[in-house]
Structure formats: C-alpha cells, structure tokens
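Undergrad: Got query_33.pdb for you, PDB, C-alpha atoms and all ligand atoms:
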```
MODEL        1
ATOM      1  CA  MET A   1      32.346  -0.454 -19.703
ATOM      2  CA  GLN A   2      29.276  -2.288 -18.322
ATOM      3  CA  PRO A   3      29.977  -5.155 -15.878
ATOM      4  CA  LYS A   4      29.325  -8.555 -17.394
ATOM      5  CA  LYS A   5      28.143 -11.859 -15.921
ATOM      6  CA  ALA A   6      30.418 -14.893 -16.402
ATOM      7  CA  GLU A   7      29.040 -18.108 -17.862
ATOM      8  CA  VAL A   8      29.815 -21.516 -16.432
ATOM      9  CA  ILE A   9      31.356 -23.636 -19.197
ATOM     10  CA  SER A  10      30.840 -27.393 -18.881
ATOM     11  CA  THR A  11      32.417 -30.187 -20.826
ATOM     12  CA  ILE A  12      32.810 -33.947 -20.505
ATOM     13  CA  GLU A  13      35.871 -36.094 -21.163
ATOM     14  CA  ILE A  14      36.219 -39.871 -20.955
ATOM     15  CA  VAL A  15      39.592 -41.320 -19.913
ATOM     16  CA  PHE A  16      40.742 -43.636 -22.700
ATOM     17  CA  PRO A  17      43.795 -45.931 -22.553
ATOM     18  CA  GLU A  18      45.879 -43.454 -24.592
ATOM     19  CA  ASP A  19      45.254 -40.800 -21.877
ATOM     20  CA  SER A  20      46.749 -42.957 -19.119
ATOM     21  CA  ASN A  21      50.177 -43.327 -17.522
ATOM     22  CA  HIS A  22      51.992 -46.504 -16.409
ATOM     23  CA  PHE A  23      49.740 -46.674 -13.300
ATOM     24  CA  HIS A  24      46.706 -46.999 -15.640
ATOM     25  CA  SER A  25      45.413 -43.713 -14.289
ATOM     26  CA  LEU A  26      45.058 -40.416 -16.130
ATOM     27  CA  PHE A  27      48.313 -38.732 -17.193
ATOM     28  CA  GLY A  28      48.419 -35.377 -15.354
ATOM     29  CA  GLY A  29      49.554 -33.474 -18.430
ATOM     30  CA  ARG A  30      46.420 -34.586 -20.268
ATOM     31  CA  MET A  31      44.267 -33.304 -17.411
ATOM     32  CA  LEU A  32      46.118 -29.983 -17.551
ATOM     33  CA  ALA A  33      45.429 -29.729 -21.295
ATOM     34  CA  TRP A  34      41.700 -30.457 -20.834
ATOM     35  CA  MET A  35      41.439 -27.883 -18.047
ATOM     36  CA  ASP A  36      43.363 -25.304 -20.094
ATOM     37  CA  LYS A  37      41.027 -25.889 -23.053
ATOM     38  CA  ALA A  38      37.909 -25.384 -20.905
ATOM     39  CA  SER A  39      39.510 -22.228 -19.444
ATOM     40  CA  TYR A  40      40.216 -20.923 -22.914
ATOM     41  CA  TYR A  41      36.564 -21.183 -23.889
ATOM     42  CA  ALA A  42      35.377 -19.591 -20.608
ATOM     43  CA  ALA A  43      37.814 -16.705 -21.232
ATOM     44  CA  PHE A  44      36.693 -16.339 -24.848
ATOM     45  CA  ARG A  45      32.988 -16.300 -23.911
ATOM     46  CA  PHE A  46      33.629 -13.595 -21.337
ATOM     47  CA  ALA A  47      36.054 -11.402 -23.278
ATOM     48  CA  GLY A  48      34.424 -11.883 -26.680
ATOM     49  CA  THR A  49      37.890 -12.165 -28.183
ATOM     50  CA  PRO A  50      40.588 -14.864 -28.161
ATOM     51  CA  ALA A  51      42.798 -15.035 -25.089
ATOM     52  CA  VAL A  52      46.036 -16.789 -24.148
ATOM     53  CA  THR A  53      47.096 -18.702 -21.051
ATOM     54  CA  ALA A  54      49.504 -16.374 -19.240
ATOM     55  CA  SER A  55      50.148 -18.712 -16.290
ATOM     56  CA  VAL A  56      48.741 -21.573 -14.273
ATOM     57  CA  GLU A  57      48.675 -20.439 -10.688
ATOM     58  CA  SER A  58      47.923 -23.769  -9.023
ATOM     59  CA  LEU A  59      46.567 -27.164  -9.920
ATOM     60  CA  ASP A  60      45.667 -29.662  -7.214
ATOM     61  CA  PHE A  61      45.190 -33.351  -7.917
ATOM     62  CA  THR A  62      43.073 -34.828  -5.124
ATOM     63  CA  HIS A  63      41.895 -37.977  -6.903
ATOM     64  CA  SER A  64      43.351 -40.266  -9.534
ATOM     65  CA  PRO A  65      40.958 -40.851 -12.475
ATOM     66  CA  LYS A  66      41.215 -44.310 -14.026
ATOM     67  CA  VAL A  67      40.693 -45.518 -17.590
ATOM     68  CA  GLY A  68      36.930 -45.552 -18.302
ATOM     69  CA  ASP A  69      36.105 -42.802 -15.794
ATOM     70  CA  VAL A  70      34.005 -39.859 -16.966
ATOM     71  CA  LEU A  71      35.203 -36.352 -16.114
ATOM     72  CA  ASP A  72      32.864 -33.433 -15.694
ATOM     73  CA  ILE A  73      34.884 -30.232 -16.224
ATOM     74  CA  THR A  74      33.508 -26.788 -15.360
ATOM     75  CA  ALA A  75      35.308 -23.497 -15.937
ATOM     76  CA  ARG A  76      34.315 -19.944 -15.112
ATOM     77  CA  VAL A  77      35.858 -16.494 -14.916
ATOM     78  CA  ILE A  78      36.022 -15.567 -11.223
ATOM     79  CA  HIS A  79      38.097 -12.377 -11.360
ATOM     80  CA  THR A  80      38.948  -9.760 -13.963
ATOM     81  CA  GLY A  81      41.577  -7.050 -14.325
ATOM     82  CA  ARG A  82      42.021  -4.659 -17.238
ATOM     83  CA  SER A  83      42.765  -7.407 -19.780
ATOM     84  CA  SER A  84      43.318 -10.443 -17.562
ATOM     85  CA  MET A  85      40.937 -13.057 -16.212
ATOM     86  CA  VAL A  86      41.351 -15.660 -13.503
ATOM     87  CA  ILE A  87      39.527 -18.846 -14.443
ATOM     88  CA  ARG A  88      38.641 -21.478 -11.884
ATOM     89  CA  VAL A  89      38.313 -25.012 -13.182
ATOM     90  CA  ASP A  90      36.776 -27.853 -11.173
ATOM     91  CA  VAL A  91      36.898 -31.441 -12.364
ATOM     92  CA  TYR A  92      34.573 -34.105 -10.989
ATOM     93  CA  CYS A  93      35.312 -37.740 -11.729
ATOM     94  CA  GLN A  94      32.827 -40.604 -11.925
ATOM     95  CA  ASP A  95      33.693 -44.279 -12.029
ATOM     96  CA  VAL A  96      30.724 -45.235 -14.183
ATOM     97  CA  ALA A  97      31.763 -48.902 -14.557
ATOM     98  CA  HIS A  98      31.223 -49.375 -10.806
ATOM     99  CA  LYS A  99      28.264 -46.930 -10.629
ATOM    100  CA  LYS A 100      30.102 -44.730  -8.113
ATOM    101  CA  GLU A 101      29.167 -41.162  -7.144
ATOM    102  CA  LYS A 102      31.083 -38.216  -8.647
ATOM    103  CA  VAL A 103      34.104 -37.069  -6.602
ATOM    104  CA  LEU A 104      36.103 -33.856  -6.865
ATOM    105  CA  SER A 105      39.292 -34.713  -8.708
ATOM    106  CA  ASN A 106      40.979 -31.389  -9.472
ATOM    107  CA  THR A 107      40.756 -27.677  -8.924
ATOM    108  CA  GLY A 108      42.945 -25.251 -10.804
ATOM    109  CA  TYR A 109      43.360 -21.540 -11.397
ATOM    110  CA  PHE A 110      44.403 -20.295 -14.815
ATOM    111  CA  ASN A 111      45.401 -16.722 -15.711
ATOM    112  CA  PHE A 112      44.281 -15.690 -19.189
ATOM    113  CA  VAL A 113      44.893 -12.439 -21.055
ATOM    114  CA  ALA A 114      42.515 -11.252 -23.784
ATOM    115  CA  LEU A 115      44.272 -10.100 -26.931
ATOM    116  CA  THR A 116      43.594  -7.763 -29.827
ATOM    117  CA  GLU A 117      44.081  -9.022 -33.387
ATOM    118  CA  GLU A 118      47.592  -7.542 -33.163
ATOM    119  CA  GLY A 119      48.317  -9.694 -30.083
ATOM    120  CA  LYS A 120      48.209  -6.825 -27.573
ATOM    121  CA  PRO A 121      46.289  -6.992 -24.255
ATOM    122  CA  PHE A 122      42.631  -6.137 -24.910
ATOM    123  CA  GLU A 123      40.443  -4.283 -22.396
ATOM    124  CA  ILE A 124      37.606  -6.467 -21.105
ATOM    125  CA  PRO A 125      34.447  -5.630 -19.125
ATOM    126  CA  PRO A 126      34.593  -5.850 -15.331
ATOM    127  CA  LEU A 127      33.067  -8.975 -13.845
ATOM    128  CA  LEU A 128      29.499  -8.607 -12.552
ATOM    129  CA  ILE A 129      29.269  -9.919  -8.997
ATOM    130  CA  GLU A 130      25.761 -10.571  -7.681
ATOM    131  CA  THR A 131      25.777 -13.540  -5.319
ATOM    132  CA  ASP A 132      27.678 -14.434  -2.132
ATOM    133  CA  GLU A 133      29.290 -17.351  -3.979
ATOM    134  CA  GLU A 134      30.502 -15.012  -6.756
ATOM    135  CA  ARG A 135      31.895 -12.655  -4.067
ATOM    136  CA  ARG A 136      33.688 -15.564  -2.372
ATOM    137  CA  LEU A 137      35.207 -16.707  -5.681
ATOM    138  CA  PHE A 138      36.168 -13.134  -6.621
ATOM    139  CA  LYS A 139      38.215 -12.872  -3.391
ATOM    140  CA  ILE A 140      39.991 -16.143  -4.210
ATOM    141  CA  GLY A 141      40.618 -14.858  -7.753
ATOM    142  CA  ALA A 142      42.092 -11.639  -6.373
ATOM    143  CA  MET A 143      44.558 -13.691  -4.288
ATOM    144  CA  VAL A 144      45.454 -15.825  -7.306
ATOM    145  CA  LYS A 145      46.113 -12.698  -9.379
ATOM    146  CA  GLN A 146      48.180 -11.151  -6.572
ATOM    147  CA  GLN A 147      50.320 -14.305  -6.367
ATOM    148  CA  ALA A 148      50.906 -14.134 -10.123
ATOM    149  CA  ASN A 149      51.936 -10.479  -9.902
ATOM    150  CA  GLU A 150      54.288 -11.130  -6.961
ATOM    151  CA  ARG A 151      55.859 -14.130  -8.674
ATOM    152  CA  ARG A 152      56.394 -12.165 -11.882
ATOM    153  CA  ALA A 153      57.960  -9.278  -9.938
ATOM    154  CA  LYS A 154      60.324 -11.685  -8.106
ATOM    155  CA  HIS A 155      61.384 -13.567 -11.230
ATOM    156  CA  SER A 156      61.852 -10.601 -13.548
TER     157      SER A 156
HETATM  158  C1  LIG A 201      50.399 -13.047 -21.526
HETATM  159  C2  LIG A 201      50.946 -11.906 -22.395
HETATM  160  C3  LIG A 201      49.901 -11.532 -23.440
HETATM  161  C4  LIG A 201      51.202 -10.719 -21.478
HETATM  162  O1  LIG A 201      51.738  -9.710 -22.280
HETATM  163  P1  LIG A 201      52.541  -8.465 -21.603
HETATM  164  O2  LIG A 201      52.949  -7.540 -22.684
HETATM  165  O3  LIG A 201      53.537  -8.988 -20.647
HETATM  166  O4  LIG A 201      51.363  -7.807 -20.844
HETATM  167  P2  LIG A 201      51.351  -6.720 -19.716
HETATM  168  O5  LIG A 201      52.554  -6.749 -18.821
HETATM  169  O6  LIG A 201      50.965  -5.423 -20.362
HETATM  170  O7  LIG A 201      50.111  -7.261 -18.851
HETATM  171  C5  LIG A 201      48.840  -7.386 -19.438
HETATM  172  C6  LIG A 201      47.998  -8.179 -18.475
HETATM  173  O8  LIG A 201      48.465  -9.515 -18.425
HETATM  174  C7  LIG A 201      48.686  -9.895 -17.077
HETATM  175  N1  LIG A 201      49.775 -10.874 -17.068
HETATM  176  C8  LIG A 201      50.905 -10.816 -17.806
HETATM  177  N2  LIG A 201      51.657 -11.923 -17.532
HETATM  178  C9  LIG A 201      50.971 -12.638 -16.618
HETATM  179  C10 LIG A 201      51.232 -13.862 -15.956
HETATM  180  N3  LIG A 201      52.351 -14.560 -16.169
HETATM  181  N4  LIG A 201      50.298 -14.330 -15.088
HETATM  182  C11 LIG A 201      49.155 -13.639 -14.858
HETATM  183  N5  LIG A 201      48.845 -12.471 -15.463
HETATM  184  C12 LIG A 201      49.760 -11.990 -16.330
HETATM  185  C13 LIG A 201      49.033  -8.589 -16.373
HETATM  186  O9  LIG A 201      48.835  -8.691 -14.972
HETATM  187  C14 LIG A 201      48.072  -7.632 -17.031
HETATM  188  O10 LIG A 201      46.788  -7.813 -16.455
HETATM  189  P3  LIG A 201      45.703  -6.601 -16.427
HETATM  190  O11 LIG A 201      45.605  -6.048 -17.822
HETATM  191  O12 LIG A 201      44.435  -7.246 -16.025
HETATM  192  O13 LIG A 201      46.200  -5.600 -15.438
HETATM  193  C15 LIG A 201      52.287 -12.301 -23.092
HETATM  194  O14 LIG A 201      53.273 -12.528 -22.106
HETATM  195  C16 LIG A 201      52.142 -13.505 -23.980
HETATM  196  O15 LIG A 201      51.648 -13.420 -25.104
HETATM  197  N6  LIG A 201      52.602 -14.693 -23.504
HETATM  198  C17 LIG A 201      52.502 -15.929 -24.253
HETATM  199  C18 LIG A 201      51.143 -16.561 -24.010
HETATM  200  C19 LIG A 201      50.998 -17.895 -24.715
HETATM  201  O16 LIG A 201      51.481 -18.088 -25.806
HETATM  202  N7  LIG A 201      50.287 -18.816 -24.058
HETATM  203  C20 LIG A 201      50.069 -20.116 -24.547
HETATM  204  C21 LIG A 201      51.172 -20.975 -24.074
HETATM  205  S1  LIG A 201      51.095 -22.588 -24.748
ENDMDL
END
```
Would it be possible to restate this file's structure as structure tokens?
TA:
Amino acid sequence: MQPKKAEVISTIEIVFPEDSNHFHSLFGGRMLAWMDKASYYAAFRFAGTPAVTASVESLDFTHSPKVGDVLDITARVIHTGRSSMVIRVDVYCQDVAHKKEKVLSNTGYFNFVALTEEGKPFEIPPLLIETDEERRLFKIGAMVKQQANERRAKHS
C-alpha cells in the first residue's frame, strides 16, 4: 500500500456555562470528548473508513479554560500500525474577553483502530513521513503505541 500524508484537522469550541465545573472552568470530561471527536475525524480522514477509540494514552491539562474562552483544537495522525493510528491532539486556549494571546491548554494522545463494516480491524496505509517535525512526532507516536501494547500485555 502507498504511504499517505496525514491532514491536520482543526476545529473551534467555545466554553459555555453548561461546559463548566463548580470552579467556573471547563469540565475535563468535556475537553476529553472534544479531543476524542477531533481525533475521530483525523483518523477517519486518514483511514478512509470509520475508526474507534481503542485507548487514551495520556492527556495533560496545563491550563484551565474559563467560560467564554475559545479553544483551537488540532488533531493529526502521527503514527500508524497495521490498523491502528496514534493521534496527537493539541488544544490552544484564548481568553478573548480580555484580548489575551493563545496558550497551550492540553496535549493528548489517542489510539484509534480502523474498522471494516463487520467491525474487524481494517488495514490502513503507512504514514508518509517527509519533514523533521513529522519524524519527531512519529517517534513520539511509536513510544505511545509501545506503552499501549505494554499496558495491554500487563493487564490481560
Ligand atoms: C479496539 C478494538 C477494535 C481492537 O480489537 P481487537 O480484536 O482487540 O484487535 P487486535 O488485538 O487484533 O488489534 C488490532 C489493532 O488494534 C490495536 N489495539 C487494540 N487494542 C488497543 C488499545 N487498547 N490501545 C491501543 N491499540 C490497541 C492493536 O495494537 C492492533 O494494532 P495494529 O493493527 O496497528 O497492529 C476492540 O477492542 C474494540 O472494538 N473496542 C471497543 C472500541 C470502542 O467501542 N470505542 C469507543 C468507546 S466509547
């Protein structure tokens, strides 16, 4: 199969009151859902077939978005296996009410598996790596995938 370039998927969310917790900042579970959704579309665009979240390898919260903040969410496939993809998601947050600069709020790694119509793992193209940045991300993705494999082996 021919190697394929990954697209960068971008989406925007605005933190509304119903997305917040009792600290008036964004509820973490909502952030996870938004990141998972962006990952899903990045996986679909790469695989050309629906995929499922197999695991979330890590999700760091480095900033606390507040109600009214605008979130810029980008997702891209950074590593591929036979049917699996590691998606990196970065979230930048902007306090638009106070005209602040964007800050990095979250980074997460999501493992997706492409599926056939029968729900079986589906073979995907290998990821095309052309730039130093893509090579750097591919190495991170390989570590993420290895962690997932080791964790599965330990817990099974
Ligand atoms: C993910 C799933 C398709 C894997 O099916 P499986 O029969 O265990 O698949 P296999 O063991 O043959 O592995 C297939 C691929 O999935 C990967 N994989 C399976 N479980 C994984 C996990 N927990 N984390 C990361 N990768 C995983 C394997 O490494 C393998 O990758 P490769 O093809 O690139 O080598 C299956 O467990 C599933 O459908 N889970 C439910 C997913 C779901 O509903 N998600 C939404 C939750 S709300």
Undergrad: Using the chain letters and numbering of this document, enumerate as a PyMOL selection string the residues selected by the PyMOL selection byres (((chain A and resi 17) around 12) and not hetatm).
TA: chain A and resi 14-16+18-27+30+65-69
Undergrad: CA of Ser64 in chain A to CA of Leu137 in chain A: how many Å, to one decimal?
TA: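 Atom-to-atom, CA of Ser64 in chain A and CA of Leu137 in chain A are spaced 25.2 Å apart.
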Undergrad: So how many Å separate atom C10 of ligand LIG 201 (chain A) and CA of Val91 in chain A, to one decimal?
TA: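 It comes out at 23.0 Å.
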Undergrad: Grab the CA of Asn111 in chain A to CA of Glu134 in chain A distance for me, in Å with one decimal place.
TA: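 So the two atoms, CA of Asn111 in chain A and CA of Glu134 in chain A, lie 17.5 Å apart.
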Undergrad: With distances taken over all atoms listed in the file, which of A:Ile140, A:Val8, A:Val70, A:Ile124 is nearest to Lys102 in chain A?
TA: A:Val70
Undergrad: As a quick test: using all atoms listed in the file, which residues lie no more than 8 Å away from ligand LIG 201 (chain A)? Give them as a compact mmCIF listing (two decimals) with C-alpha atoms, in the coordinates of the input.
TA:
```txt
# COMPACT_ATOMS: atom_id res chain seq x y z
CA VAL A 52 46.04 -16.79 -24.15
CA THR A 53 47.10 -18.70 -21.05
CA ALA A 54 49.50 -16.37 -19.24
CA SER A 55 50.15 -18.71 -16.29
CA VAL A 56 48.74 -21.57 -14.27
CA GLU A 57 48.68 -20.44 -10.69
CA THR A 80 38.95 -9.76 -13.96
CA GLY A 81 41.58 -7.05 -14.32
CA ARG A 82 42.02 -4.66 -17.24
CA SER A 83 42.76 -7.41 -19.78
CA SER A 84 43.32 -10.44 -17.56
CA MET A 85 40.94 -13.06 -16.21
CA ASN A 111 45.40 -16.72 -15.71
CA PHE A 112 44.28 -15.69 -19.19
CA VAL A 113 44.89 -12.44 -21.06
CA ALA A 114 42.52 -11.25 -23.78
CA LEU A 115 44.27 -10.10 -26.93
CA GLY A 119 48.32 -9.69 -30.08
CA LYS A 120 48.21 -6.82 -27.57
CA PRO A 121 46.29 -6.99 -24.26
CA PHE A 122 42.63 -6.14 -24.91
CA GLU A 123 40.44 -4.28 -22.40
CA LYS A 145 46.11 -12.70 -9.38
CA ALA A 148 50.91 -14.13 -10.12
CA ASN A 149 51.94 -10.48 -9.90
CA ARG A 152 56.39 -12.16 -11.88
```
Undergrad: Just so the selection is clear, what residues does the PyMOL selection byres (((chain A and resi 106) around 6) and not hetatm) cover here, as a tab-separated table (two decimals) with C-alpha atoms, in the frame of the given file?
TA:
```tsv
chain	number	residue	atom	x	y	z
A	60	ASP	CA	45.67	-29.66	-7.21
A	61	PHE	CA	45.19	-33.35	-7.92
A	62	THR	CA	43.07	-34.83	-5.12
A	90	ASP	CA	36.78	-27.85	-11.17
A	91	VAL	CA	36.90	-31.44	-12.36
A	105	SER	CA	39.29	-34.71	-8.71
A	107	THR	CA	40.76	-27.68	-8.92
```
Undergrad: May I ask which of the residues A:Cys93, A:Ile9, A:Val103, A:Ala153 is the closest one to Met31 in chain A, counting all atoms listed in the file?
TA: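 Nearest candidate to Met31 in chain A out of A:Cys93, A:Ile9, A:Val103, A:Ala153: A:Cys93.
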Undergrad: Nearest residue to Leu127 in chain A out of A:Leu104, A:Ala43, A:Val77, A:Leu59, using all atoms listed in the file?
TA: A:Val77
Undergrad: For Ile12 in chain A, which of A:Leu71, A:Ile129, A:Met143, A:Leu32 is the closest residue, counting only C-alpha atoms?
TA: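 Selected residue with least distance to Ile12 in chain A: A:Leu71.
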